[in-house]
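Chemist: The structure file upload-v1.txt (compact mmCIF, C-alpha atoms) is provided below.
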# COMPACT_ATOMS: atom_id res chain seq x y z
CA MET Q 1 13.22 -11.36 16.35
CA LYS Q 2 10.89 -13.82 18.11
CA GLY Q 3 8.47 -11.97 20.33
CA TRP Q 4 9.76 -8.58 19.12
CA THR Q 5 7.51 -5.62 19.97
CA ALA Q 6 7.76 -1.84 19.88
CA SER Q 7 9.14 -1.93 23.42
CA ASP Q 8 12.26 -3.57 21.98
CA ILE Q 9 13.11 -0.56 19.82
CA PRO Q 10 16.56 0.62 20.92
CA ASP Q 11 17.14 4.14 22.16
CA GLN Q 12 16.83 6.61 19.26
CA THR Q 13 18.06 9.70 21.09
CA GLY Q 14 20.08 11.96 18.82
CA ARG Q 15 18.69 10.42 15.65
CA THR Q 16 16.43 12.07 13.08
CA ALA Q 17 13.74 10.27 11.10
CA VAL Q 18 11.47 11.29 8.24
CA VAL Q 19 8.20 9.36 7.98
CA THR Q 20 6.01 9.94 4.93
CA GLY Q 21 2.24 9.68 5.31
CA ALA Q 22 2.63 10.05 9.06
CA ASN Q 23 -0.77 11.58 9.84
CA SER Q 24 -2.63 8.26 10.12
CA GLY Q 25 -2.38 4.47 10.12
CA LEU Q 26 1.00 2.79 9.95
CA GLY Q 27 2.84 6.06 9.46
CA LEU Q 28 1.37 7.60 12.59
CA VAL Q 29 2.25 4.55 14.70
CA THR Q 30 5.75 4.38 13.22
CA ALA Q 31 6.38 8.07 13.90
CA ARG Q 32 4.97 7.82 17.42
CA GLU Q 33 7.08 4.83 18.42
CA LEU Q 34 10.28 6.31 17.02
CA ALA Q 35 9.55 9.57 18.85
CA ARG Q 36 8.72 7.68 22.04
CA ARG Q 37 12.23 6.19 21.93
CA GLY Q 38 13.83 9.62 21.57
CA ALA Q 39 14.10 10.27 17.83
CA HIS Q 40 13.39 13.66 16.33
CA VAL Q 41 10.68 12.79 13.81
CA VAL Q 42 9.61 14.81 10.80
CA LEU Q 43 6.04 14.03 9.72
CA GLY Q 44 5.82 14.34 5.95
CA CYS Q 45 2.12 14.91 5.26
CA ARG Q 46 0.11 16.16 2.31
CA SER Q 47 -2.18 18.09 4.65
CA GLU Q 48 -0.37 20.25 7.18
CA LYS Q 49 -3.58 20.49 9.22
CA ARG Q 50 -3.86 16.70 9.54
CA GLY Q 51 -0.15 16.54 10.18
CA ALA Q 52 -0.44 19.03 13.05
CA GLU Q 53 -3.31 16.99 14.54
CA ALA Q 54 -1.17 13.85 14.28
CA ALA Q 55 1.71 15.62 16.01
CA GLU Q 56 -0.59 16.51 18.90
CA ARG Q 57 -1.78 12.91 19.17
CA ILE Q 58 1.83 11.75 19.29
CA ARG Q 59 2.71 14.26 22.02
CA ALA Q 60 -0.34 13.16 24.00
CA ARG Q 61 0.81 9.52 23.90
CA ALA Q 62 4.53 10.27 24.17
CA PRO Q 63 5.08 13.37 26.34
CA GLY Q 64 8.24 15.20 25.38
CA ALA Q 65 8.24 13.78 21.86
CA ARG Q 66 10.23 15.84 19.37
CA VAL Q 67 8.06 15.97 16.25
CA GLU Q 68 7.60 18.52 13.50
CA VAL Q 69 5.36 18.67 10.45
CA ALA Q 70 6.37 19.47 6.88
CA ARG Q 71 4.15 19.46 3.82
CA LEU Q 72 4.89 16.63 1.39
CA ASP Q 73 2.69 15.69 -1.55
CA LEU Q 74 4.20 12.65 -3.27
CA ALA Q 75 1.87 13.19 -6.22
CA ASP Q 76 3.73 16.40 -7.07
CA LEU Q 77 7.48 16.32 -7.69
CA ALA Q 78 7.70 20.06 -7.01
CA SER Q 79 6.42 19.37 -3.50
CA VAL Q 80 8.93 16.53 -3.08
CA ARG Q 81 11.77 18.83 -4.08
CA ALA Q 82 10.54 21.58 -1.77
CA PHE Q 83 10.31 19.15 1.16
CA ALA Q 84 13.84 17.87 0.59
CA ALA Q 85 15.23 21.38 0.16
CA GLY Q 86 13.50 22.52 3.34
CA HIS Q 87 14.73 19.63 5.50
CA LYS Q 88 16.44 21.30 8.44
CA GLY Q 89 19.84 20.26 9.70
CA ASP Q 90 22.49 18.03 8.23
CA ARG Q 91 21.52 14.82 9.98
CA LEU Q 92 19.09 12.20 8.72
CA ASP Q 93 19.30 8.66 10.07
CA LEU Q 94 16.01 7.11 8.97
CA LEU Q 95 13.80 7.61 5.96
CA ILE Q 96 10.54 5.66 6.17
CA ASN Q 97 8.87 5.63 2.74
CA ASN Q 98 5.43 4.76 4.09
CA ALA Q 99 2.82 6.90 2.31
CA GLY Q 100 0.76 5.22 -0.37
CA VAL Q 101 -2.52 4.84 -2.21
CA MET Q 102 -4.31 1.65 -3.19
CA ALA Q 103 -6.61 0.52 -5.98
CA LEU Q 104 -7.69 4.00 -6.99
CA PRO Q 105 -9.74 4.75 -10.10
CA HIS Q 106 -7.55 5.96 -12.92
CA ARG Q 107 -5.99 9.29 -11.99
CA ARG Q 108 -2.81 11.16 -12.83
CA THR Q 109 -0.36 13.02 -10.63
CA ALA Q 110 0.59 16.66 -11.11
CA ASP Q 111 3.41 15.46 -13.36
CA GLY Q 112 1.18 13.20 -15.48
CA PHE Q 113 2.06 9.82 -13.97
CA GLU Q 114 -0.50 7.13 -13.18
CA THR Q 115 -1.25 7.94 -9.55
CA GLN Q 116 -0.42 4.64 -7.86
CA PHE Q 117 2.93 4.31 -9.64
CA GLY Q 118 3.57 8.02 -9.22
CA VAL Q 119 2.84 8.21 -5.49
CA ASN Q 120 3.89 4.77 -4.27
CA HIS Q 121 7.11 4.53 -6.26
CA LEU Q 122 8.21 7.62 -8.19
CA GLY Q 123 7.56 10.10 -5.39
CA HIS Q 124 9.58 8.00 -2.96
CA PHE Q 125 12.31 7.34 -5.53
CA ALA Q 126 12.72 11.10 -5.96
CA LEU Q 127 12.55 11.82 -2.23
CA THR Q 128 15.17 9.19 -1.38
CA GLY Q 129 17.52 10.46 -4.06
CA LEU Q 130 17.19 14.06 -2.93
CA LEU Q 131 17.81 13.16 0.73
CA LEU Q 132 20.53 10.61 -0.02
CA PRO Q 133 23.55 12.81 0.79
CA LYS Q 134 22.28 13.35 4.34
CA LEU Q 135 21.49 9.66 4.77
CA LEU Q 136 24.95 8.66 3.56
CA ALA Q 137 26.55 11.13 5.96
CA ALA Q 138 24.73 9.67 8.98
CA GLY Q 139 26.45 7.26 11.30
CA PRO Q 140 26.01 3.49 11.59
CA GLY Q 141 22.39 2.36 11.61
CA ALA Q 142 21.16 4.75 8.93
CA ARG Q 143 18.41 3.12 6.89
CA VAL Q 144 15.91 3.65 4.12
CA VAL Q 145 12.79 1.55 4.72
CA THR Q 146 10.20 1.36 1.96
CA VAL Q 147 6.75 -0.03 2.72
CA SER Q 148 5.55 -2.53 0.13
CA SER Q 149 2.69 -5.03 0.28
CA PHE Q 150 2.32 -8.78 0.12
CA MET Q 151 -0.01 -8.06 -2.81
CA HIS Q 152 3.04 -7.23 -4.91
CA ILE Q 153 2.85 -10.87 -6.01
CA LEU Q 154 -0.12 -9.98 -8.26
CA GLY Q 155 1.92 -8.01 -10.77
CA THR Q 156 5.44 -7.22 -11.89
CA VAL Q 157 6.72 -3.89 -13.19
CA ASP Q 158 6.75 -3.09 -16.91
CA PRO Q 159 9.24 -0.21 -17.38
CA ARG Q 160 8.06 0.10 -20.99
CA ASP Q 161 4.53 0.96 -19.81
CA PRO Q 162 4.86 2.37 -16.26
CA ASN Q 163 1.67 4.41 -16.55
CA MET Q 164 -0.41 1.50 -17.90
CA GLU Q 165 -1.28 3.26 -21.12
CA ARG Q 166 -2.19 -0.11 -22.64
CA GLY Q 167 -5.11 -0.60 -20.28
CA TYR Q 168 -5.64 0.36 -16.65
CA ARG Q 169 -6.62 -2.19 -14.01
CA ARG Q 170 -6.54 -0.72 -10.55
CA TRP Q 171 -5.41 -3.79 -8.60
CA VAL Q 172 -2.74 -4.66 -11.14
CA ALA Q 173 -1.55 -1.06 -10.99
CA TYR Q 174 -1.34 -1.31 -7.21
CA ALA Q 175 0.57 -4.60 -7.37
CA ARG Q 176 2.99 -3.16 -9.90
CA SER Q 177 3.67 -0.15 -7.71
CA LYS Q 178 4.36 -2.41 -4.74
CA SER Q 179 6.67 -4.60 -6.84
CA ALA Q 180 8.38 -1.36 -7.85
CA ASN Q 181 8.95 -0.62 -4.15
CA LEU Q 182 10.78 -3.92 -3.76
CA LEU Q 183 12.72 -3.61 -7.01
CA PHE Q 184 13.78 -0.12 -5.96
CA THR Q 185 14.96 -1.46 -2.60
CA HIS Q 186 16.86 -4.25 -4.33
CA GLU Q 187 18.63 -1.96 -6.79
CA LEU Q 188 19.37 0.66 -4.12
CA ALA Q 189 20.85 -2.06 -1.89
CA GLN Q 190 23.03 -3.22 -4.80
CA ARG Q 191 24.33 0.29 -5.40
CA LEU Q 192 24.94 0.97 -1.72
CA GLY Q 193 26.87 -2.27 -1.44
CA ALA Q 194 29.00 -1.42 -4.46
CA ALA Q 195 29.80 1.94 -2.90
CA ASP Q 196 30.67 0.37 0.49
CA ALA Q 197 28.08 2.65 2.07
CA ARG Q 198 26.92 2.09 5.64
CA LEU Q 199 23.36 3.05 4.72
CA VAL Q 200 21.04 0.02 4.55
CA ALA Q 201 18.03 -0.26 2.20
CA ALA Q 202 15.28 -2.57 3.44
CA ALA Q 203 11.55 -3.03 2.94
CA ALA Q 204 8.56 -4.16 4.96
CA HIS Q 205 4.86 -4.92 4.64
CA PRO Q 206 2.14 -4.86 7.30
CA GLY Q 207 0.05 -7.83 6.23
CA TYR Q 208 -3.63 -6.97 6.54
CA ALA Q 209 -3.79 -3.97 8.85
CA ALA Q 210 -6.76 -1.80 9.76
CA THR Q 211 -5.98 1.52 8.10
CA ASN Q 212 -7.89 3.92 5.88
CA LEU Q 213 -5.96 2.72 2.82
CA MET Q 214 -8.62 0.14 1.97
CA SER Q 215 -11.57 2.53 2.10
CA ALA Q 216 -9.98 5.51 0.34
CA ALA Q 217 -10.92 4.44 -3.19
CA PRO Q 218 -14.60 3.60 -2.41
CA LYS Q 219 -14.90 6.89 -0.55
CA MET Q 220 -13.40 8.77 -3.51
CA GLU Q 221 -15.94 7.16 -5.84
CA GLY Q 222 -18.91 7.54 -3.48
CA HIS Q 223 -19.44 3.76 -3.19
CA ARG Q 224 -20.83 3.61 0.32
CA ALA Q 225 -21.47 -0.16 0.16
CA LYS Q 226 -17.85 -0.90 -0.80
CA GLU Q 227 -16.61 1.50 1.83
CA ARG Q 228 -18.74 -0.26 4.45
CA PHE Q 229 -17.44 -3.66 3.30
CA MET Q 230 -13.86 -2.49 3.78
CA GLU Q 231 -14.70 -1.09 7.21
CA ILE Q 232 -16.14 -4.47 8.27
CA GLY Q 233 -12.99 -6.23 7.05
CA ASN Q 234 -10.84 -3.83 9.05
CA ARG Q 235 -12.92 -4.36 12.16
CA TYR Q 236 -13.19 -8.14 12.19
CA PHE Q 237 -10.25 -9.53 10.21
CA ALA Q 238 -7.40 -7.03 10.13
CA GLN Q 239 -4.75 -6.56 12.75
CA SER Q 240 -4.32 -3.21 14.44
CA PRO Q 241 -2.09 -0.47 13.00
CA GLU Q 242 0.15 -1.02 16.04
CA ARG Q 243 0.73 -4.63 14.99
CA GLY Q 244 0.93 -3.75 11.32
CA ALA Q 245 3.68 -1.22 11.96
CA LEU Q 246 5.97 -3.71 13.71
CA PRO Q 247 7.68 -4.99 10.51
CA VAL Q 248 8.36 -1.39 9.48
CA LEU Q 249 9.77 -0.54 12.90
CA TYR Q 250 11.89 -3.68 12.91
CA ALA Q 251 13.29 -2.89 9.46
CA ALA Q 252 14.12 0.60 10.75
CA THR Q 253 15.67 -0.34 14.09
CA GLY Q 254 16.18 -4.11 14.37
CA PRO Q 255 19.67 -5.39 15.18
CA ASP Q 256 20.19 -7.82 12.30
CA VAL Q 257 18.74 -6.00 9.29
CA ARG Q 258 20.71 -6.58 6.07
CA GLN Q 259 20.72 -4.98 2.66
CA ASP Q 260 17.55 -5.80 0.69
CA ASP Q 261 15.79 -7.49 3.62
CA PHE Q 262 11.99 -7.65 3.47
CA PHE Q 263 10.03 -8.01 6.71
CA GLY Q 264 6.39 -8.79 7.38
CA PRO Q 265 4.15 -10.76 9.70
CA PRO Q 266 4.08 -14.55 9.30
CA LEU Q 267 1.26 -15.93 7.18
CA GLN Q 268 -0.15 -18.12 9.92
CA GLY Q 269 -2.31 -16.80 12.74
CA LEU Q 270 -3.98 -14.13 10.59
CA TRP Q 271 -0.57 -12.43 10.30
CA ARG Q 272 -0.69 -11.26 13.89
CA SER Q 273 2.67 -12.38 15.21
CA SER Q 274 6.07 -10.72 15.48
CA PRO Q 275 7.85 -9.64 12.27
CA VAL Q 276 9.82 -12.17 10.26
CA ARG Q 277 11.73 -12.12 6.98
CA SER Q 278 9.01 -12.32 4.38
CA ALA Q 279 8.68 -14.29 1.18
CA ARG Q 280 8.73 -12.22 -2.00
CA ALA Q 281 8.27 -12.71 -5.72
CA THR Q 282 11.43 -13.71 -7.58
CA TRP Q 283 11.10 -10.78 -9.97
CA THR Q 284 11.69 -8.33 -7.12
CA ARG Q 285 15.30 -9.53 -6.96
CA ASP Q 286 15.92 -9.48 -10.70
CA ASP Q 287 19.02 -7.39 -11.36
CA ALA Q 288 18.13 -6.50 -14.94
CA ALA Q 289 14.60 -5.48 -13.95
CA GLY Q 290 15.97 -3.38 -11.11
CA ARG Q 291 18.34 -1.54 -13.42
CA GLY Q 292 15.55 -1.01 -15.95
CA LEU Q 293 13.19 0.42 -13.35
CA TRP Q 294 15.95 2.63 -11.97
CA ALA Q 295 16.74 4.07 -15.42
CA ALA Q 296 13.04 4.70 -16.09
CA SER Q 297 12.60 6.34 -12.69
CA GLU Q 298 15.55 8.66 -13.24
CA ARG Q 299 14.16 9.65 -16.62
CA LEU Q 300 10.65 10.27 -15.34
CA THR Q 301 11.57 12.16 -12.16
CA GLY Q 302 14.74 13.90 -13.27
CA VAL Q 303 16.40 12.79 -10.01
CA ARG Q 304 19.81 11.14 -10.22
CA TYR Q 305 21.62 9.51 -7.36
CA VAL Q 306 24.87 11.39 -7.97
CA ALA Q 307 26.35 10.32 -4.64
CA LEU Q 308 26.27 6.68 -5.79
CA ALA Q 309 27.48 7.27 -9.33
CA GLY Q 310 30.36 4.97 -10.11
In structure tokens, write the structure found in this file.
Modeler:
Amino acid sequence: MKGWTASDIPDQTGRTAVVTGANSGLGLVTARELARRGAHVVLGCRSEKRGAEAAERIRARAPGARVEVARLDLADLASVRAFAAGHKGDRLDLLINNAGVMALPHRRTADGFETQFGVNHLGHFALTGLLLPKLLAAGPGARVVTVSSFMHILGTVDPRDPNMERGYRRWVAYARSKSANLLFTHELAQRLGAADARLVAAAAHPGYAATNLMSAAPKMEGHRAKERFMEIGNRYFAQSPERGALPVLYAATGPDVRQDDFFGPPLQGLWRSSPVRSARATWTRDDAAGRGLWAASERLTGVRYVALAG
């Protein structure tokens, strides 16, 4: 994958992709580049207005792009179910679980979950399970790519206290949700392998990329100084969303992606090089922890992966 860029994405004509959180940042770039290479891309966005604006930006950069917008609020399982039920057609080759929130003040989703765990993990767990039959029916190259973070190393998942009832710390909650992304990928990969499925589950992280993820929490709280600090970091230290999206695009389309792979930029050079297989915390490959998180996620969401039941 040395020197790999978006121009190396193979032809995606005839393939369908769903990208969550596709109205800005990494999701927008990911959707645009897949559409540029011929994929039919569904933009799953909480705001249909912002989604429509993103679709127009994609068409402006990639004339002829086949994109559509569908409302998807990962903080509301009813919305997740409605999105999955409304997915048109029988084909789905790529699911990019990209949407996320970071370091928010304590909030709860519509279903009562701590927001970071609820949006970053549970919403995507439910969405993947509901779309799984279509993904399994797709041809070779079908993939589920879940976007984690290198900051997952700051905290492991506690299935006994997923909503951090014993004390909320926003950065720990974020790290736990990103560890959950990797544990989910690991357990899904195990189950797909046991079922001899052609679908591949992989994960990726962008390194430090200039998106609005960093400033969302300060903006929500009205902390203009913190918001400005994050904006300065994005401007002078972060890589562009185009560079940050490369590991996600590689996980989705690269030629040598294996079950449970995790891609990111290398640590050297301010993380601005081509994607590589990334280091990850040992607990994100713990089989018992993966099974525990899976059982808790099924219980909390009510979604069961019937197609993989053994």
Chemist: Calculated over all atoms listed in the file, which of the candidates Q:Phe263, Q:Phe125, Q:Trp283, Q:Trp4 has the smallest distance to Q:Leu95?
Modeler: Q:Phe125
Chemist: Is there a way to get, as a list of chain:residue names, all residues within 9 Å of the point (15.3, 10.3, -7.6) in file coordinates, counting all atoms listed in the file?
Modeler: Q:Leu122, Q:Gly123, Q:His124, Q:Phe125, Q:Ala126, Q:Leu127, Q:Thr128, Q:Gly129, Q:Leu130, Q:Trp294, Q:Ser297, Q:Glu298, Q:Thr301, Q:Gly302, Q:Val303, Q:Arg304, Q:Tyr305
Chemist: Which value, in Å to one decimal, gives the distance between atom CA of Q:Leu293 and atom CA of Q:Asp161?
Modeler: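 Taking atom CA of Q:Leu293 as the start and atom CA of Q:Asp161 as the end point, the length is 10.8 Å.
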Chemist: Which value, in Å to one decimal, gives the distance between atom CA of Q:Thr30 and atom CA of Q:Leu249?
Modeler: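 Interatomic distance, atom CA of Q:Thr30 to atom CA of Q:Leu249: 6.4 Å.
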Chemist: In Å, rounded to a single decimal, give me how far atom CA of Q:Ala62 is from atom CA of Q:Gln12.
Modeler: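 Atom-to-atom, atom CA of Q:Gln12 and atom CA of Q:Ala62 are spaced 13.7 Å apart.
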Chemist: Identify, on the basis of only C-alpha atoms, every residue whose closest approach to Q:Arg143 does not exceed 8 Å; exclude the query and any residue fewer than 4 positions from it along the same chain; express the result as a list in words.
Modeler: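 The neighbour list is Asp93, Leu94, Leu95, Leu135, Leu199, Val200, Ala201, Ala202 and Ala252 of chain Q.
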Chemist: Quick one: of Q:Ala110, Q:Gly51, Q:Leu43, Q:Ala60, who's nearest to Q:Leu74, counting all atoms listed in the file?
Modeler: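 With all atoms listed in the file as the atom set, the closest residue is Q:Ala110.
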Chemist: Quick one: residues within 10 Å of Q:Asp287, only C-alpha atoms counted, chain neighbours fewer than 4 positions away excluded, as a PDB file with C-alpha atoms, keeping the file's coordinate frame?
Modeler:
ATOM      1  CA  LEU Q 183      12.720  -3.610  -7.010  1.00  0.00           C
ATOM      2  CA  HIS Q 186      16.860  -4.250  -4.330  1.00  0.00           C
ATOM      3  CA  GLU Q 187      18.630  -1.960  -6.790  1.00  0.00           C
ATOM      4  CA  GLN Q 190      23.030  -3.220  -4.800  1.00  0.00           C
ATOM      5  CA  TRP Q 283      11.100 -10.780  -9.970  1.00  0.00           C
ATOM      6  CA  ARG Q 291      18.340  -1.540 -13.420  1.00  0.00           C
ATOM      7  CA  GLY Q 292      15.550  -1.010 -15.950  1.00  0.00           C
ATOM      8  CA  LEU Q 293      13.190   0.420 -13.350  1.00  0.00           C
TER       9      LEU Q 293
END
Chemist: Starting from the sparse input, extend stretch 128-150 of chain Q to N, CA and C atoms and give the output as a PDB file, keeping the file's coordinate frame.
Modeler:
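Listing of part-v9.pdb after writing:
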ATOM      1  N   THR Q 128      13.974   9.885  -1.869  1.00  0.00           N
ATOM      2  CA  THR Q 128      15.170   9.190  -1.380  1.00  0.00           C
ATOM      3  C   THR Q 128      16.426   9.737  -2.043  1.00  0.00           C
ATOM      4  N   GLY Q 129      16.361   9.940  -3.362  1.00  0.00           N
ATOM      5  CA  GLY Q 129      17.520  10.460  -4.060  1.00  0.00           C
ATOM      6  C   GLY Q 129      17.907  11.856  -3.598  1.00  0.00           C
ATOM      7  N   LEU Q 130      16.917  12.694  -3.349  1.00  0.00           N
ATOM      8  CA  LEU Q 130      17.190  14.060  -2.930  1.00  0.00           C
ATOM      9  C   LEU Q 130      17.734  14.139  -1.498  1.00  0.00           C
ATOM     10  N   LEU Q 131      17.331  13.193  -0.648  1.00  0.00           N
ATOM     11  CA  LEU Q 131      17.810  13.160   0.730  1.00  0.00           C
ATOM     12  C   LEU Q 131      19.032  12.274   0.922  1.00  0.00           C
ATOM     13  N   LEU Q 132      19.456  11.607  -0.131  1.00  0.00           N
ATOM     14  CA  LEU Q 132      20.530  10.610  -0.020  1.00  0.00           C
ATOM     15  C   LEU Q 132      21.821  11.160   0.580  1.00  0.00           C
ATOM     16  N   PRO Q 133      22.301  12.332   0.189  1.00  0.00           N
ATOM     17  CA  PRO Q 133      23.550  12.810   0.790  1.00  0.00           C
ATOM     18  C   PRO Q 133      23.514  12.866   2.318  1.00  0.00           C
ATOM     19  N   LYS Q 134      22.393  13.292   2.882  1.00  0.00           N
ATOM     20  CA  LYS Q 134      22.280  13.350   4.340  1.00  0.00           C
ATOM     21  C   LYS Q 134      22.222  11.955   4.950  1.00  0.00           C
ATOM     22  N   LEU Q 135      21.551  11.034   4.275  1.00  0.00           N
ATOM     23  CA  LEU Q 135      21.490   9.660   4.770  1.00  0.00           C
ATOM     24  C   LEU Q 135      22.856   9.000   4.738  1.00  0.00           C
ATOM     25  N   LEU Q 136      23.613   9.242   3.674  1.00  0.00           N
ATOM     26  CA  LEU Q 136      24.950   8.660   3.560  1.00  0.00           C
ATOM     27  C   LEU Q 136      25.904   9.232   4.597  1.00  0.00           C
ATOM     28  N   ALA Q 137      25.667  10.480   4.988  1.00  0.00           N
ATOM     29  CA  ALA Q 137      26.550  11.130   5.960  1.00  0.00           C
ATOM     30  C   ALA Q 137      26.237  10.730   7.394  1.00  0.00           C
ATOM     31  N   ALA Q 138      25.105  10.083   7.623  1.00  0.00           N
ATOM     32  CA  ALA Q 138      24.730   9.670   8.980  1.00  0.00           C
ATOM     33  C   ALA Q 138      25.637   8.534   9.443  1.00  0.00           C
ATOM     34  N   GLY Q 139      25.614   8.305  10.735  1.00  0.00           N
ATOM     35  CA  GLY Q 139      26.450   7.260  11.300  1.00  0.00           C
ATOM     36  C   GLY Q 139      25.891   5.870  11.075  1.00  0.00           C
ATOM     37  N   PRO Q 140      26.491   4.870  11.710  1.00  0.00           N
ATOM     38  CA  PRO Q 140      26.010   3.490  11.590  1.00  0.00           C
ATOM     39  C   PRO Q 140      24.538   3.394  11.994  1.00  0.00           C
ATOM     40  N   GLY Q 141      23.807   2.541  11.303  1.00  0.00           N
ATOM     41  CA  GLY Q 141      22.390   2.360  11.610  1.00  0.00           C
ATOM     42  C   GLY Q 141      21.466   3.162  10.740  1.00  0.00           C
ATOM     43  N   ALA Q 142      22.016   3.991   9.842  1.00  0.00           N
ATOM     44  CA  ALA Q 142      21.160   4.750   8.930  1.00  0.00           C
ATOM     45  C   ALA Q 142      20.461   3.798   7.967  1.00  0.00           C
ATOM     46  N   ARG Q 143      19.185   4.046   7.735  1.00  0.00           N
ATOM     47  CA  ARG Q 143      18.410   3.120   6.890  1.00  0.00           C
ATOM     48  C   ARG Q 143      17.355   3.855   6.074  1.00  0.00           C
ATOM     49  N   VAL Q 144      17.068   3.283   4.920  1.00  0.00           N
ATOM     50  CA  VAL Q 144      15.910   3.650   4.120  1.00  0.00           C
ATOM     51  C   VAL Q 144      14.980   2.443   4.146  1.00  0.00           C
ATOM     52  N   VAL Q 145      13.766   2.635   4.652  1.00  0.00           N
ATOM     53  CA  VAL Q 145      12.790   1.550   4.720  1.00  0.00           C
ATOM     54  C   VAL Q 145      11.597   1.933   3.848  1.00  0.00           C
ATOM     55  N   THR Q 146      11.299   1.097   2.873  1.00  0.00           N
ATOM     56  CA  THR Q 146      10.200   1.360   1.960  1.00  0.00           C
ATOM     57  C   THR Q 146       9.093   0.336   2.216  1.00  0.00           C
ATOM     58  N   VAL Q 147       7.882   0.833   2.383  1.00  0.00           N
ATOM     59  CA  VAL Q 147       6.750  -0.030   2.720  1.00  0.00           C
ATOM     60  C   VAL Q 147       6.111  -0.555   1.442  1.00  0.00           C
ATOM     61  N   SER Q 148       6.155  -1.857   1.280  1.00  0.00           N
ATOM     62  CA  SER Q 148       5.550  -2.530   0.130  1.00  0.00           C
ATOM     63  C   SER Q 148       4.267  -3.218   0.599  1.00  0.00           C
ATOM     64  N   SER Q 149       3.900  -4.276  -0.067  1.00  0.00           N
ATOM     65  CA  SER Q 149       2.690  -5.030   0.280  1.00  0.00           C
ATOM     66  C   SER Q 149       2.884  -6.468  -0.174  1.00  0.00           C
ATOM     67  N   PHE Q 150       2.262  -7.395   0.570  1.00  0.00           N
ATOM     68  CA  PHE Q 150       2.320  -8.780   0.120  1.00  0.00           C
ATOM     69  C   PHE Q 150       1.595  -8.945  -1.219  1.00  0.00           C
TER      70      PHE Q 150
END
